[in-house]
$ cat upload.cif   # mmCIF, C-alpha atoms and all ligand atoms
data_protein
#
loop_
_atom_site.group_PDB
_atom_site.id
_atom_site.type_symbol
_atom_site.label_atom_id
_atom_site.label_comp_id
_atom_site.auth_asym_id
_atom_site.auth_seq_id
_atom_site.Cartn_x
_atom_site.Cartn_y
_atom_site.Cartn_z
ATOM 1 C CA GLN A 1 12.976 -0.908 -1.270
ATOM 2 C CA GLY A 2 15.019 0.973 -3.837
ATOM 3 C CA ALA A 3 18.184 -0.936 -3.009
ATOM 4 C CA ASN A 4 16.456 -4.232 -3.686
ATOM 5 C CA ALA A 5 14.738 -3.125 -6.842
ATOM 6 C CA MET A 6 15.130 -5.151 -9.984
ATOM 7 C CA THR A 7 16.589 -3.218 -12.868
ATOM 8 C CA SER A 8 17.067 -3.858 -16.537
ATOM 9 C CA THR A 9 18.343 -1.747 -19.378
ATOM 10 C CA THR A 10 17.335 -2.030 -22.980
ATOM 11 C CA GLY A 11 17.311 -0.006 -26.155
ATOM 12 C CA GLY A 12 13.898 -1.356 -27.096
ATOM 13 C CA ASP A 13 10.576 0.174 -26.239
ATOM 14 C CA LYS A 14 9.281 -2.570 -24.033
ATOM 15 C CA ASN A 15 11.035 -4.772 -21.599
ATOM 16 C CA ASN A 16 9.222 -7.053 -19.231
ATOM 17 C CA GLU A 17 12.080 -9.510 -18.845
ATOM 18 C CA CYS A 18 12.860 -8.444 -15.353
ATOM 19 C CA PHE A 19 9.368 -8.109 -14.029
ATOM 20 C CA PRO A 20 9.717 -10.412 -11.036
ATOM 21 C CA THR A 21 8.047 -13.824 -11.125
ATOM 22 C CA PRO A 22 7.763 -15.619 -7.789
ATOM 23 C CA LYS A 23 9.121 -19.163 -7.415
ATOM 24 C CA VAL A 24 6.474 -19.960 -4.831
ATOM 25 C CA VAL A 25 2.975 -18.498 -4.604
ATOM 26 C CA LEU A 26 1.817 -18.497 -0.995
ATOM 27 C CA TYR A 27 -1.743 -17.418 -1.749
ATOM 28 C CA PRO A 28 -3.025 -17.453 -5.344
ATOM 29 C CA GLU A 29 -4.565 -14.155 -6.372
ATOM 30 C CA GLU A 30 -7.638 -15.981 -7.752
ATOM 31 C CA ARG A 31 -8.574 -16.896 -4.197
ATOM 32 C CA VAL A 32 -9.009 -13.236 -3.248
ATOM 33 C CA LYS A 33 -12.749 -12.541 -3.100
ATOM 34 C CA MET A 34 -13.441 -8.909 -3.904
ATOM 35 C CA GLU A 35 -17.213 -8.995 -3.309
ATOM 36 C CA TRP A 36 -18.656 -9.546 0.179
ATOM 37 C CA THR A 37 -19.086 -13.290 0.673
ATOM 38 C CA ARG A 38 -21.545 -12.919 3.538
ATOM 39 C CA MET A 39 -24.159 -10.358 4.371
ATOM 40 C CA THR A 40 -23.647 -8.538 7.648
ATOM 41 C CA ARG A 41 -25.211 -5.552 9.246
ATOM 42 C CA ILE A 42 -23.007 -2.510 9.630
ATOM 43 C CA GLY A 43 -20.528 -3.175 12.434
ATOM 44 C CA ALA A 44 -19.827 -1.499 15.755
ATOM 45 C CA GLY A 45 -18.696 2.041 16.386
ATOM 46 C CA LEU A 46 -15.370 2.394 18.200
ATOM 47 C CA VAL A 47 -15.049 4.360 21.428
ATOM 48 C CA ASN A 48 -12.285 6.945 21.450
ATOM 49 C CA MET A 49 -9.932 5.770 24.187
ATOM 50 C CA GLY A 50 -7.951 9.013 24.423
ATOM 51 C CA ASN A 51 -6.522 10.440 21.188
ATOM 52 C CA THR A 52 -7.125 7.147 19.425
ATOM 53 C CA CYS A 53 -8.824 8.574 16.326
ATOM 54 C CA PHE A 54 -5.796 7.566 14.182
ATOM 55 C CA PHE A 55 -6.171 4.039 15.533
ATOM 56 C CA ASN A 56 -9.961 3.749 15.270
ATOM 57 C CA SER A 57 -10.169 5.190 11.762
ATOM 58 C CA THR A 58 -7.529 2.729 10.537
ATOM 59 C CA LEU A 59 -9.341 -0.238 12.096
ATOM 60 C CA GLN A 60 -12.639 0.927 10.619
ATOM 61 C CA CYS A 61 -11.120 1.116 7.117
ATOM 62 C CA LEU A 62 -9.806 -2.435 7.473
ATOM 63 C CA THR A 63 -13.142 -3.680 8.864
ATOM 64 C CA TYR A 64 -14.835 -2.634 5.609
ATOM 65 C CA THR A 65 -12.173 -3.899 3.204
ATOM 66 C CA ALA A 66 -14.243 -6.732 1.711
ATOM 67 C CA PRO A 67 -11.435 -9.095 0.559
ATOM 68 C CA LEU A 68 -9.695 -8.851 3.949
ATOM 69 C CA VAL A 69 -12.926 -9.515 5.845
ATOM 70 C CA ASN A 70 -13.782 -12.403 3.509
ATOM 71 C CA TYR A 71 -10.361 -13.880 4.200
ATOM 72 C CA CYS A 72 -10.820 -13.505 7.972
ATOM 73 C CA PHE A 73 -13.989 -15.582 7.785
ATOM 74 C CA THR A 74 -12.251 -18.461 5.978
ATOM 75 C CA ASN A 75 -10.231 -19.455 9.087
ATOM 76 C CA ASP A 76 -7.319 -20.194 6.729
ATOM 77 C CA HIS A 77 -4.963 -18.276 9.010
ATOM 78 C CA ARG A 78 -6.305 -19.633 12.298
ATOM 79 C CA GLU A 79 -5.578 -23.199 11.178
ATOM 80 C CA LYS A 80 -1.985 -22.400 10.208
ATOM 81 C CA CYS A 81 -0.968 -19.807 12.792
ATOM 82 C CA LYS A 82 2.096 -20.834 14.801
ATOM 83 C CA LYS A 83 2.423 -17.659 16.843
ATOM 84 C CA LYS A 84 2.023 -18.003 20.575
ATOM 85 C CA ASP A 85 2.292 -14.361 21.596
ATOM 86 C CA PHE A 86 1.342 -11.343 19.484
ATOM 87 C CA CYS A 87 -0.106 -12.065 16.033
ATOM 88 C CA MET A 88 -1.496 -9.155 14.017
ATOM 89 C CA MET A 89 -3.643 -11.370 11.820
ATOM 90 C CA CYS A 90 -5.284 -13.116 14.786
ATOM 91 C CA GLU A 91 -5.850 -9.705 16.413
ATOM 92 C CA ILE A 92 -7.428 -8.217 13.294
ATOM 93 C CA GLN A 93 -9.602 -11.292 12.775
ATOM 94 C CA ASN A 94 -10.882 -11.112 16.339
ATOM 95 C CA HIS A 95 -11.505 -7.406 16.031
ATOM 96 C CA ILE A 96 -13.341 -7.616 12.708
ATOM 97 C CA LYS A 97 -15.494 -10.499 13.892
ATOM 98 C CA SER A 98 -16.485 -8.806 17.140
ATOM 99 C CA SER A 99 -17.118 -5.505 15.379
ATOM 100 C CA LEU A 100 -19.418 -7.106 12.815
ATOM 101 C CA ASP A 101 -21.172 -9.118 15.538
ATOM 102 C CA CYS A 102 -21.952 -5.988 17.554
ATOM 103 C CA GLY A 103 -23.715 -3.957 14.882
ATOM 104 C CA GLY A 104 -25.507 -0.892 16.198
ATOM 105 C CA ARG A 105 -23.427 -0.745 19.376
ATOM 106 C CA SER A 106 -20.046 0.702 20.198
ATOM 107 C CA ILE A 107 -17.084 -1.303 21.425
ATOM 108 C CA LYS A 108 -13.723 -0.535 22.993
ATOM 109 C CA PRO A 109 -10.901 -1.982 20.885
ATOM 110 C CA HIS A 110 -8.886 -2.822 24.037
ATOM 111 C CA SER A 111 -7.139 -5.923 22.835
ATOM 112 C CA ILE A 112 -5.308 -4.342 19.884
ATOM 113 C CA LEU A 113 -4.751 -1.035 21.665
ATOM 114 C CA GLN A 114 -2.927 -2.818 24.482
ATOM 115 C CA LYS A 115 -0.558 -4.211 21.858
ATOM 116 C CA LEU A 116 0.157 -0.834 20.275
ATOM 117 C CA ARG A 117 3.817 -1.073 21.330
ATOM 118 C CA CYS A 118 4.118 -4.460 19.583
ATOM 119 C CA ILE A 119 2.745 -2.907 16.387
ATOM 120 C CA ALA A 120 4.829 0.275 16.447
ATOM 121 C CA LYS A 121 7.457 0.517 19.182
ATOM 122 C CA HIS A 122 7.487 4.309 19.262
ATOM 123 C CA MET A 123 3.715 4.835 19.441
ATOM 124 C CA LYS A 124 2.149 5.653 22.789
ATOM 125 C CA TRP A 125 -1.438 5.163 23.852
ATOM 126 C CA GLY A 126 -2.847 8.587 24.693
ATOM 127 C CA ARG A 127 -0.739 10.466 22.198
ATOM 128 C CA GLN A 128 -1.875 11.594 18.749
ATOM 129 C CA GLU A 129 -0.237 9.468 16.089
ATOM 130 C CA ASP A 130 -0.343 9.378 12.315
ATOM 131 C CA ALA A 131 -3.057 7.134 10.843
ATOM 132 C CA HIS A 132 -1.133 6.391 7.657
ATOM 133 C CA GLU A 133 2.002 5.451 9.560
ATOM 134 C CA PHE A 134 -0.043 3.217 11.834
ATOM 135 C CA LEU A 135 -1.688 1.538 8.833
ATOM 136 C CA ARG A 136 1.758 0.847 7.343
ATOM 137 C CA PHE A 137 2.832 -0.925 10.541
ATOM 138 C CA VAL A 138 -0.399 -2.920 10.736
ATOM 139 C CA VAL A 139 -0.216 -4.068 7.103
ATOM 140 C CA ASP A 140 3.462 -4.928 7.495
ATOM 141 C CA HIS A 141 2.709 -7.048 10.577
ATOM 142 C CA LEU A 142 -0.199 -8.699 8.754
ATOM 143 C CA GLN A 143 2.162 -9.675 5.955
ATOM 144 C CA GLN A 144 4.724 -11.019 8.442
ATOM 145 C CA ALA A 145 1.991 -13.018 10.180
ATOM 146 C CA CYS A 146 1.044 -14.583 6.832
ATOM 147 C CA LEU A 147 4.656 -15.564 6.181
ATOM 148 C CA ASN A 148 4.337 -17.655 9.328
ATOM 149 C CA GLY A 149 8.066 -17.887 9.923
ATOM 150 C CA GLU A 150 8.964 -18.556 6.254
ATOM 151 C CA THR A 151 12.325 -16.838 5.979
ATOM 152 C CA LYS A 152 14.028 -18.833 3.237
ATOM 153 C CA LEU A 153 11.803 -17.679 0.389
ATOM 154 C CA ASP A 154 13.093 -15.264 -2.239
ATOM 155 C CA ARG A 155 11.862 -11.700 -1.922
ATOM 156 C CA CYS A 156 9.337 -11.967 -4.720
ATOM 157 C CA SER A 157 7.720 -15.126 -3.305
ATOM 158 C CA LYS A 158 7.383 -13.392 0.053
ATOM 159 C CA GLU A 159 5.260 -10.825 -1.764
ATOM 160 C CA THR A 160 2.548 -13.387 -2.565
ATOM 161 C CA THR A 161 0.815 -13.579 0.821
ATOM 162 C CA VAL A 162 -2.910 -12.891 0.924
ATOM 163 C CA ILE A 163 -2.083 -9.409 2.231
ATOM 164 C CA ASN A 164 0.087 -8.671 -0.812
ATOM 165 C CA GLN A 165 -2.584 -10.099 -3.105
ATOM 166 C CA ILE A 166 -5.112 -7.694 -1.579
ATOM 167 C CA PHE A 167 -3.106 -4.483 -1.118
ATOM 168 C CA GLY A 168 0.051 -4.981 -3.162
ATOM 169 C CA GLY A 169 0.895 -3.716 -6.621
ATOM 170 C CA TYR A 170 4.033 -3.047 -8.642
ATOM 171 C CA LEU A 171 5.364 0.279 -9.795
ATOM 172 C CA ARG A 172 7.555 0.729 -12.821
ATOM 173 C CA SER A 173 10.098 3.485 -12.755
ATOM 174 C CA GLN A 174 11.436 4.083 -16.233
ATOM 175 C CA VAL A 175 14.442 6.232 -17.042
ATOM 176 C CA THR A 176 14.979 7.184 -20.693
ATOM 177 C CA CYS A 177 18.366 8.527 -21.733
ATOM 178 C CA LEU A 178 17.682 11.645 -23.792
ATOM 179 C CA ARG A 179 20.910 11.130 -25.771
ATOM 180 C CA CYS A 180 20.699 7.483 -26.901
ATOM 181 C CA GLN A 181 17.029 6.795 -25.989
ATOM 182 C CA ALA A 182 17.959 3.663 -24.012
ATOM 183 C CA LYS A 183 15.331 2.821 -21.418
ATOM 184 C CA SER A 184 15.973 1.380 -18.003
ATOM 185 C CA ASP A 185 13.114 -0.141 -16.012
ATOM 186 C CA THR A 186 12.967 -0.715 -12.287
ATOM 187 C CA PHE A 187 10.087 -2.586 -10.667
ATOM 188 C CA ASP A 188 9.166 -2.033 -7.056
ATOM 189 C CA PRO A 189 6.358 -3.517 -5.020
ATOM 190 C CA PHE A 190 4.074 -1.049 -3.250
ATOM 191 C CA MET A 191 1.354 -1.358 -0.646
ATOM 192 C CA ASP A 192 0.156 2.240 -1.012
ATOM 193 C CA LEU A 193 0.888 5.379 -3.002
ATOM 194 C CA SER A 194 1.757 8.666 -1.398
ATOM 195 C CA LEU A 195 0.307 11.529 -3.422
ATOM 196 C CA ASP A 196 1.537 15.089 -3.542
ATOM 197 C CA ILE A 197 -1.575 17.294 -3.399
ATOM 198 C CA LYS A 198 0.052 20.698 -3.806
ATOM 199 C CA GLY A 199 -1.883 22.608 -6.451
ATOM 200 C CA VAL A 200 -4.409 19.848 -7.123
ATOM 201 C CA SER A 201 -8.041 19.537 -6.128
ATOM 202 C CA THR A 202 -8.911 15.955 -7.088
ATOM 203 C CA VAL A 203 -7.378 12.520 -6.628
ATOM 204 C CA GLU A 204 -7.226 12.105 -10.419
ATOM 205 C CA GLU A 205 -5.140 15.286 -10.728
ATOM 206 C CA ALA A 206 -2.832 14.032 -7.980
ATOM 207 C CA MET A 207 -2.463 10.683 -9.786
ATOM 208 C CA ALA A 208 -1.674 12.502 -13.049
ATOM 209 C CA LYS A 209 1.000 14.461 -11.178
ATOM 210 C CA PHE A 210 2.390 11.217 -9.761
ATOM 211 C CA VAL A 211 2.965 9.709 -13.222
ATOM 212 C CA LYS A 212 4.165 12.946 -14.840
ATOM 213 C CA PRO A 213 7.658 12.619 -16.373
ATOM 214 C CA GLU A 214 10.453 14.394 -14.558
ATOM 215 C CA THR A 215 13.713 15.547 -16.170
ATOM 216 C CA LEU A 216 16.964 14.489 -14.564
ATOM 217 C CA GLU A 217 19.700 17.000 -15.345
ATOM 218 C CA ASN A 218 22.613 19.016 -13.936
ATOM 219 C CA ASP A 219 23.411 17.751 -10.424
ATOM 220 C CA ASN A 220 20.681 15.204 -10.793
ATOM 221 C CA ALA A 221 21.838 13.954 -14.221
ATOM 222 C CA TYR A 222 21.621 10.269 -15.039
ATOM 223 C CA LYS A 223 24.605 8.002 -15.584
ATOM 224 C CA CYS A 224 23.606 6.160 -18.740
ATOM 225 C CA PRO A 225 25.176 2.682 -18.892
ATOM 226 C CA LYS A 226 25.205 2.863 -22.709
ATOM 227 C CA CYS A 227 26.572 6.384 -23.141
ATOM 228 C CA LYS A 228 28.845 5.788 -20.118
ATOM 229 C CA ASN A 229 28.324 9.397 -19.214
ATOM 230 C CA LYS A 230 26.214 11.724 -17.107
ATOM 231 C CA VAL A 231 23.355 12.736 -19.376
ATOM 232 C CA ARG A 232 19.948 14.392 -19.327
ATOM 233 C CA ALA A 233 17.227 11.822 -18.882
ATOM 234 C CA GLN A 234 13.529 11.521 -18.330
ATOM 235 C CA LYS A 235 12.138 9.583 -15.412
ATOM 236 C CA ARG A 236 8.544 8.481 -15.043
ATOM 237 C CA PHE A 237 6.508 6.264 -12.763
ATOM 238 C CA SER A 238 3.641 4.087 -13.907
ATOM 239 C CA ILE A 239 1.601 1.342 -12.293
ATOM 240 C CA GLU A 240 2.844 -1.945 -13.713
ATOM 241 C CA LYS A 241 0.424 -4.118 -11.779
ATOM 242 C CA ALA A 242 -2.585 -2.576 -10.066
ATOM 243 C CA PRO A 243 -3.452 -3.775 -6.566
ATOM 244 C CA ASN A 244 -6.901 -5.210 -5.868
ATOM 245 C CA VAL A 245 -7.346 -2.606 -3.146
ATOM 246 C CA LEU A 246 -5.506 0.637 -3.794
ATOM 247 C CA THR A 247 -4.465 2.602 -0.707
ATOM 248 C CA LEU A 248 -3.774 6.281 -1.303
ATOM 249 C CA GLN A 249 -2.180 8.622 1.161
ATOM 250 C CA LEU A 250 -2.771 12.315 0.551
ATOM 251 C CA ASN A 251 0.360 14.070 1.674
ATOM 252 C CA ARG A 252 -1.071 17.026 3.578
ATOM 253 C CA PHE A 253 2.178 18.251 5.069
ATOM 254 C CA ASP A 254 3.569 21.350 3.451
ATOM 255 C CA PHE A 255 6.997 22.206 4.781
ATOM 256 C CA HIS A 256 7.331 25.371 2.712
ATOM 257 C CA HIS A 257 4.188 26.847 4.117
ATOM 258 C CA HIS A 258 4.988 29.117 7.057
ATOM 259 C CA LEU A 259 1.492 29.585 8.387
ATOM 260 C CA SER A 260 -0.131 26.220 8.852
ATOM 261 C CA GLY A 261 2.221 23.561 7.529
ATOM 262 C CA LYS A 262 -0.791 21.498 6.605
ATOM 263 C CA ILE A 263 -2.949 21.451 3.487
ATOM 264 C CA ASN A 264 -6.496 21.293 4.829
ATOM 265 C CA ARG A 265 -8.213 21.649 1.460
ATOM 266 C CA PHE A 266 -10.854 19.073 0.538
ATOM 267 C CA ILE A 267 -9.603 16.771 -2.219
ATOM 268 C CA LYS A 268 -12.395 15.403 -4.376
ATOM 269 C CA TYR A 269 -12.357 11.700 -5.117
ATOM 270 C CA PRO A 270 -14.633 9.525 -7.228
ATOM 271 C CA GLU A 271 -16.423 6.479 -5.879
ATOM 272 C CA LYS A 272 -14.725 4.444 -8.594
ATOM 273 C CA ILE A 273 -11.380 5.335 -10.086
ATOM 274 C CA ASN A 274 -10.074 4.017 -13.392
ATOM 275 C CA LEU A 275 -6.317 3.488 -13.102
ATOM 276 C CA ARG A 276 -5.766 2.720 -16.777
ATOM 277 C CA SER A 277 -4.213 6.055 -17.751
ATOM 278 C CA TYR A 278 -1.674 5.805 -14.899
ATOM 279 C CA MET A 279 -0.551 2.319 -15.891
ATOM 280 C CA SER A 280 2.453 1.196 -17.937
ATOM 281 C CA GLN A 281 0.045 -0.478 -20.346
ATOM 282 C CA LYS A 282 -2.256 2.390 -21.288
ATOM 283 C CA LEU A 283 -4.460 0.490 -23.719
ATOM 284 C CA GLY A 284 -7.066 -1.980 -22.587
ATOM 285 C CA GLU A 285 -9.990 -2.467 -20.260
ATOM 286 C CA PRO A 286 -10.616 -0.034 -17.404
ATOM 287 C CA VAL A 287 -8.779 -1.063 -14.227
HETATM 288 ZN ZN ZN B 301 -2.146 -15.667 13.972
HETATM 289 ZN ZN ZN B 302 22.419 6.947 -23.184
#
$ encode --input "upload.cif" --output "structure tokens"
Amino acid sequence: QGANAMTSTTGGDKNNECFPTPKVVLYPEERVKMEWTRMTRIGAGLVNMGNTCFFNSTLQCLTYTAPLVNYCFTNDHREKCKKKDFCMMCEIQNHIKSSLDCGGRSIKPHSILQKLRCIAKHMKWGRQEDAHEFLRFVVDHLQQACLNGETKLDRCSKETTVINQIFGGYLRSQVTCLRCQAKSDTFDPFMDLSLDIKGVSTVEEAMAKFVKPETLENDNAYKCPKCKNKVRAQKRFSIEKAPNVLTLQLNRFDFHHHLSGKINRFIKYPEKINLRSYMSQKLGEPV
């Protein structure tokens, strides 16, 4: 993503000039329905088919993501789908519908599991895999399915599928030259945020750590286009555009830890999180 990022440099405080605007909008954000559009009983449980907890937990999360489920029940995709073989969106739709139709029972998610190799080539049924990695592949395939063979669109327009409108946001990475104060903004789309949880005990603390400014100096110094020199600079991330559904990954691997290598500590999270203080625009309504 970094190589494709859009960058701009300015001496001013604010610069939104280069925040990408799509030429074509494939699915208008207003059509995303955040509240459940139909009442259903709680859906089916999923049978563990041999180390498939990573797989089942991911499917269960998606089955209760209201805007995705609402979309599945519109048949918008079914009417347009041109794929003859494997289609992630058709698979997910079938799965969600059968899960919600079988409330109180348990089902075997055979159909998708048999296509595991189509979703992630290196994943093997029967082996433990990483749930977050699997989710990334699923969401990526869902986005591809929504593009429906559209390859000529510019990058930003491709990021307007219903999947992007549900899960996608934009991050701003801002570098400030500490000599001339020039600011350089880079905007990158994201489908989830990976949080460092070392030394934190809540999601809010991890988010605060994520947006904390970092100093670039010495070997890591910044080449300022205005000063035309390697200089000390400050780099910070902020959420430029919040996604409708925020996906957070808690990075539990700890490579410096000799004993376990994994941070098993419980990380507290609120039922509702206000993203405002982690955003580029810090004033305004709660987000
Ligand atoms: Zn399809
Ligand atoms: Zn400078």
$ residues_near_ligand --input "upload.cif" --ligand "ligand ZN 301 (chain B)" --cutoff "9 Å" --atoms "all atoms listed in the file" --output "ChimeraX atom specification"
/A:77-91,93,142,145-146,148
$ atom_distance --input "upload.cif" --atom1 "CA of Lys209 in chain A" --atom2 "CA of Pro286 in chain A"
19.6 Å
$ atom_distance --input "upload.cif" --atom1 "CA of Gln249 in chain A" --atom2 "CA of Met123 in chain A"
19.6 Å
$ resolve_selection --input "upload.cif" --expression "the PyMOL selection byres (((not hetatm)) within 10 of (chain B and resi 302))" --output "count of residues only"
22
$ residues_around --input "upload.cif" --residues "range 267-281 of chain A" --least-positions-apart "4" --cutoff "7 Å" --atoms "only C-alpha atoms" --output "MDAnalysis selection string"
chainID A and resid 201:203 208 211 238:240 286:287
$ residues_around --input "upload.cif" --residues "Thr52 in chain A" --least-positions-apart "2" --cutoff "9 Å" --atoms "all atoms listed in the file" --output "compact mmCIF listing (two decimals) with C-alpha atoms, keeping the file's coordinate frame"
# COMPACT_ATOMS: atom_id res chain seq x y z
CA VAL A 47 -15.05 4.36 21.43
CA ASN A 48 -12.28 6.94 21.45
CA MET A 49 -9.93 5.77 24.19
CA GLY A 50 -7.95 9.01 24.42
CA PHE A 54 -5.80 7.57 14.18
CA PHE A 55 -6.17 4.04 15.53
CA ASN A 56 -9.96 3.75 15.27
CA SER A 57 -10.17 5.19 11.76
CA LEU A 113 -4.75 -1.03 21.66
CA TRP A 125 -1.44 5.16 23.85
CA GLY A 126 -2.85 8.59 24.69
CA ARG A 127 -0.74 10.47 22.20
CA GLN A 128 -1.88 11.59 18.75
CA GLU A 129 -0.24 9.47 16.09
$ atom_distance --input "upload.cif" --atom1 "CA of Pro22 in chain A" --atom2 "CA of Thr160 in chain A"
7.7 Å
$ resolve_selection --input "upload.cif" --expression "the PyMOL selection byres (((chain A and resi 26) around 9) and not hetatm)" --output "number ranges by chain"
A: 24-25, 27-28, 146-147, 157-162
$ residues_around --input "upload.cif" --residues "Lys262 in chain A" --least-positions-apart "4" --cutoff "6 Å" --atoms "only C-alpha atoms" --output "MDAnalysis selection string"
chainID A and resid 252:254
$ resolve_selection --input "upload.cif" --expression "the PyMOL selection byres (((chain A and resi 37) around 10) and not hetatm)" --output "ChimeraX atom specification"
/A:33-36,38-40,66-67,69-71,73
$ write_last_selection --input "upload.cif" --atoms "C-alpha atoms" --output "short mmCIF file (atom, residue, chain, number, x, y, z; two decimals), keeping the file's coordinate frame"
data_model
loop_
_atom_site.label_atom_id
_atom_site.label_comp_id
_atom_site.auth_asym_id
_atom_site.auth_seq_id
_atom_site.Cartn_x
_atom_site.Cartn_y
_atom_site.Cartn_z
CA LYS A 33 -12.75 -12.54 -3.10
CA MET A 34 -13.44 -8.91 -3.90
CA GLU A 35 -17.21 -8.99 -3.31
CA TRP A 36 -18.66 -9.55 0.18
CA ARG A 38 -21.54 -12.92 3.54
CA MET A 39 -24.16 -10.36 4.37
CA THR A 40 -23.65 -8.54 7.65
CA ALA A 66 -14.24 -6.73 1.71
CA PRO A 67 -11.44 -9.10 0.56
CA VAL A 69 -12.93 -9.52 5.84
CA ASN A 70 -13.78 -12.40 3.51
CA TYR A 71 -10.36 -13.88 4.20
CA PHE A 73 -13.99 -15.58 7.78
#
